[in-house]
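Notes to accompany the following structure.
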Amino acid sequence: MDLFEYQGKQFLARYAVAVPAGDIADSAAEAVAVADRLGYPVAVKAQVRVGGRGKAGGIKLGRSAEEVAAYAVAILGMDIRGHRVRRVWVERAAEVAEEYYVSFTVDRAGRRYLALASTEGGVDIEEVAAATPDAIARVPIGVGGGDGADMAVVVDAAGLAADVRDEAAALLGKLFDAFTQGDAELVEVNPLVVTGDRRVVALDAKVTLDDSARFRHPEWDEWATAEWHDEREQRARERGLNYVGLDGTVGVIGNGAGLVLSTLDVVSQAGGDAANFLDVGGGASADVITAALEVVDSDDRVRAILVNIFGGITRCDEVAKGILDAMARVELRSPIVVRLDGTNAEEGRALLAGHQSDRLISRPTMLDAAQAAVDLAK
């Protein structure tokens, strides 16, 4: 379960991690009330489970009630990379002197915990990893670890200043406790800041909890009930489909996670961007294919749909029937490009052959199909 920032901060505060004082708001009036209580200036921050909020205009510094109201109105309802903002977190603004990055996760291959630390805090860590990978230090921590010596190594790796070294090590120890005792899969703070008065504070919080441990944590229920799902993902979930929304214009449907991931790569290779990951699973029936097409086509950004099937227990003739059934039952906005291979592929292609048009196109290979879909989506 991925937490919103405000939930992540509530989670960290339970382990005495220093976070800014703040509160959640669903309206501009509530945001002003929180700001009045905290004192100005305050940060007004969009609550979505995706990075890049600042670049999208989802984080603003309000110095007065009028500014806070205006920013809350602008941010609430904003779409940030496919995620609609329904709440804002209002927190007392910090005087930031230095910014760092730190996270704890699980190194499954090494069967240990792993800390990541960098002096490049406050920016997208993915960009840092791509441009200057050496700027991110990896500190392995044994499963029985997490003591002061380990945290001192992480502090050094993050490059924190000498005068806050002890305080930073203590905070990281609490952060590690939250990660391990709190049954988290990821705890990331970006940025971890040193304030003007030399305090160390977690200014942001990205937390992923291990769903398999939910039975130990009844307190998680309050966060689960506050979840808002991507509307596309909600529609897919109601139909029992394995779907993840993305930001592109080419809808992708396939059978098997590996094939779908490969299809996303091929769409990118062809010069396009996928709008989603949708795995119909093995043995998908005509009804499942119909439901998948309806879910993908409901995304306003989708301009073409790529159906890539390699038949094993999934029969390609059943997939073809599902496509034709969907086109007969509902008016799909997006043209469909189909690649069928494997079990009953010839039969499936034969079914589609009599219905091909500018709305339904069959291609023999995955690359050909991806290129056709990308061209249609432009």
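We name chains A, B, ... following the order of the structure tokens; residues begin at 1 in each chain, and ligands are numbered from 1 as shown.
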Each residue of segment 301-334 of chain A lying at most 10 Å from segment 361-369 of chain A should get a row with its shortest atom-to-atom pair and the distance in Å to one decimal, counting only C-alpha atoms; could you produce that, ordered by chain and increasing number, as JSON lines?
```
{"residue": "A:Leu306", "atom": "CA", "partner": "A:Ala369", "partner_atom": "CA", "distance": 7.1}
{"residue": "A:Val307", "atom": "CA", "partner": "A:Ala369", "partner_atom": "CA", "distance": 8.5}
{"residue": "A:Asn308", "atom": "CA", "partner": "A:Met366", "partner_atom": "CA", "distance": 6.9}
{"residue": "A:Ile309", "atom": "CA", "partner": "A:Met366", "partner_atom": "CA", "distance": 9.1}
{"residue": "A:Phe310", "atom": "CA", "partner": "A:Met366", "partner_atom": "CA", "distance": 9.9}
```
Those of segment 106-249 of chain A in DSSP alpha helix (DSSP H), formatted as a PDB file with C-alpha atoms, in the first residue's frame:
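The resulting file, selection04.pdb, is shown below:
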```
ATOM      1  CA  ILE A 125      16.171  10.922  -7.620  1.00  0.00           C
ATOM      2  CA  GLU A 126      15.508   9.100 -10.900  1.00  0.00           C
ATOM      3  CA  GLU A 127      17.120  12.000 -12.754  1.00  0.00           C
ATOM      4  CA  VAL A 128      20.117  11.885 -10.421  1.00  0.00           C
ATOM      5  CA  ALA A 129      20.458   8.137 -10.907  1.00  0.00           C
ATOM      6  CA  ALA A 130      20.371   8.528 -14.696  1.00  0.00           C
ATOM      7  CA  ALA A 131      22.700  11.527 -14.968  1.00  0.00           C
ATOM      8  CA  GLY A 148      24.339   3.487  15.528  1.00  0.00           C
ATOM      9  CA  ALA A 149      27.361   2.377  13.518  1.00  0.00           C
ATOM     10  CA  ASP A 150      25.201   1.617  10.498  1.00  0.00           C
ATOM     11  CA  MET A 151      23.429   4.975  10.724  1.00  0.00           C
ATOM     12  CA  ALA A 152      26.765   6.779  11.038  1.00  0.00           C
ATOM     13  CA  VAL A 153      27.815   5.209   7.742  1.00  0.00           C
ATOM     14  CA  VAL A 154      24.581   6.374   6.123  1.00  0.00           C
ATOM     15  CA  VAL A 155      25.085   9.893   7.489  1.00  0.00           C
ATOM     16  CA  ASP A 156      28.573   9.989   6.009  1.00  0.00           C
ATOM     17  CA  ALA A 157      27.277   8.622   2.700  1.00  0.00           C
ATOM     18  CA  ALA A 158      24.618  11.331   2.558  1.00  0.00           C
ATOM     19  CA  ARG A 165      25.939  14.449  12.382  1.00  0.00           C
ATOM     20  CA  ASP A 166      24.714  13.081  15.706  1.00  0.00           C
ATOM     21  CA  GLU A 167      21.188  14.446  15.293  1.00  0.00           C
ATOM     22  CA  ALA A 168      21.029  13.092  11.752  1.00  0.00           C
ATOM     23  CA  ALA A 169      22.195   9.635  12.870  1.00  0.00           C
ATOM     24  CA  ALA A 170      19.523   9.601  15.575  1.00  0.00           C
ATOM     25  CA  LEU A 171      16.810  10.595  13.097  1.00  0.00           C
ATOM     26  CA  LEU A 172      17.946   7.963  10.602  1.00  0.00           C
ATOM     27  CA  GLY A 173      17.822   5.368  13.370  1.00  0.00           C
ATOM     28  CA  LYS A 174      14.180   6.272  13.976  1.00  0.00           C
ATOM     29  CA  LEU A 175      13.552   6.208  10.245  1.00  0.00           C
ATOM     30  CA  PHE A 176      15.038   2.711  10.084  1.00  0.00           C
ATOM     31  CA  ASP A 177      12.827   1.657  12.996  1.00  0.00           C
ATOM     32  CA  ALA A 178       9.797   2.924  11.076  1.00  0.00           C
ATOM     33  CA  PHE A 179      10.941   0.923   8.050  1.00  0.00           C
ATOM     34  CA  THR A 180      11.556  -2.349   9.874  1.00  0.00           C
ATOM     35  CA  GLN A 181       9.140  -2.297  12.813  1.00  0.00           C
ATOM     36  CA  ASP A 221      -7.283   0.629   7.995  1.00  0.00           C
ATOM     37  CA  GLU A 222      -7.711   4.372   8.382  1.00  0.00           C
ATOM     38  CA  TRP A 223      -5.223   4.933   5.559  1.00  0.00           C
ATOM     39  CA  ALA A 224      -6.759   2.269   3.341  1.00  0.00           C
ATOM     40  CA  THR A 225     -10.232   3.821   3.622  1.00  0.00           C
ATOM     41  CA  GLU A 231     -10.260   6.093 -11.965  1.00  0.00           C
ATOM     42  CA  ARG A 232      -8.932   3.905 -14.780  1.00  0.00           C
ATOM     43  CA  GLU A 233      -7.442   1.500 -12.265  1.00  0.00           C
ATOM     44  CA  GLN A 234     -10.696   1.444 -10.310  1.00  0.00           C
ATOM     45  CA  ARG A 235     -12.670   0.502 -13.421  1.00  0.00           C
ATOM     46  CA  ALA A 236     -10.167  -2.263 -14.200  1.00  0.00           C
ATOM     47  CA  ARG A 237     -10.229  -3.550 -10.621  1.00  0.00           C
ATOM     48  CA  GLU A 238     -14.029  -3.817 -10.744  1.00  0.00           C
TER      49      GLU A 238
END
```
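With only C-alpha atoms as the atoms that count, the residue of A:Val32, A:Ala109, A:Ala43, A:Val48 with the shortest distance to Val73 of chain A is A:Val32.
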Dump as JSON lines the rows for residues of segment 99-168 of chain A within 9 Å of segment 189-201 of chain A: closest atom pair and distance in Å with one decimal, only C-alpha atoms counted, ordered by chain and rising residue number.
```
{"residue": "A:Glu99", "atom": "CA", "partner": "A:Val193", "partner_atom": "CA", "distance": 4.6}
{"residue": "A:Tyr100", "atom": "CA", "partner": "A:Leu192", "partner_atom": "CA", "distance": 5.0}
{"residue": "A:Tyr101", "atom": "CA", "partner": "A:Asn190", "partner_atom": "CA", "distance": 4.9}
{"residue": "A:Val102", "atom": "CA", "partner": "A:Val189", "partner_atom": "CA", "distance": 5.5}
{"residue": "A:Ser103", "atom": "CA", "partner": "A:Val189", "partner_atom": "CA", "distance": 6.0}
{"residue": "A:Glu120", "atom": "CA", "partner": "A:Pro191", "partner_atom": "CA", "distance": 8.6}
{"residue": "A:Gly121", "atom": "CA", "partner": "A:Pro191", "partner_atom": "CA", "distance": 4.9}
{"residue": "A:Gly122", "atom": "CA", "partner": "A:Pro191", "partner_atom": "CA", "distance": 4.7}
{"residue": "A:Val123", "atom": "CA", "partner": "A:Asn190", "partner_atom": "CA", "distance": 7.6}
{"residue": "A:Asp124", "atom": "CA", "partner": "A:Asn190", "partner_atom": "CA", "distance": 8.5}
{"residue": "A:Ile125", "atom": "CA", "partner": "A:Asn190", "partner_atom": "CA", "distance": 8.2}
{"residue": "A:Leu160", "atom": "CA", "partner": "A:Val194", "partner_atom": "CA", "distance": 8.6}
{"residue": "A:Ala161", "atom": "CA", "partner": "A:Val194", "partner_atom": "CA", "distance": 8.9}
{"residue": "A:Asp163", "atom": "CA", "partner": "A:Arg198", "partner_atom": "CA", "distance": 8.1}
{"residue": "A:Val164", "atom": "CA", "partner": "A:Arg198", "partner_atom": "CA", "distance": 6.8}
{"residue": "A:Glu167", "atom": "CA", "partner": "A:Val200", "partner_atom": "CA", "distance": 6.8}
{"residue": "A:Ala168", "atom": "CA", "partner": "A:Val200", "partner_atom": "CA", "distance": 6.1}
```
With only C-alpha atoms as the atoms that count, which of A:Ile24, A:Ile80, A:Ala29, A:Leu38 lies nearest to Arg53 of chain A? A:Ile80
Set the distance at 10 Å and use only C-alpha atoms: which residues neighbour segment 241-245 of chain A once local chain neighbours fewer than 2 positions away are removed? I'd like the list as a ChimeraX atom specification. /A:81-83,230-239,247-248,251-253,256-257,274-281,288-289,291-292,295-296,299
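Excluding Tyr40 of chain A itself and same-chain residues fewer than 6 positions from it, the residues having an atom within 9 Å of it are Gly62, Arg63, Ser64, Ala65, Arg92 and Ala93 of chain A, counting only C-alpha atoms.
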Deliver the residues from the most recent selection as a file, using C-alpha atoms, as a PDB file, in the first residue's frame.
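Generated file (out.pdb):
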```
ATOM      1  CA  GLY A  62       1.692  30.800   0.865  1.00  0.00           C
ATOM      2  CA  ARG A  63       2.583  33.895   2.885  1.00  0.00           C
ATOM      3  CA  SER A  64      -0.966  35.056   3.597  1.00  0.00           C
ATOM      4  CA  ALA A  65      -4.498  33.724   3.839  1.00  0.00           C
ATOM      5  CA  ARG A  92       4.524  25.199   8.391  1.00  0.00           C
ATOM      6  CA  ALA A  93       7.226  26.251   5.962  1.00  0.00           C
TER       7      ALA A  93
END
```
From A:Ala97, A:Ile336, A:Leu76, A:Ala270, residue lying nearest Ser27 of chain A [only C-alpha atoms]: A:Leu76
Using DSSP assignments from the backbone, pull out every residue in segment 192-333 of chain A that falls under strand (DSSP E or B) and give it to me as a PyMOL selection string. chain A and resi 192-195+200-202+206-209+242-245+250-254+274+276-279+304-311
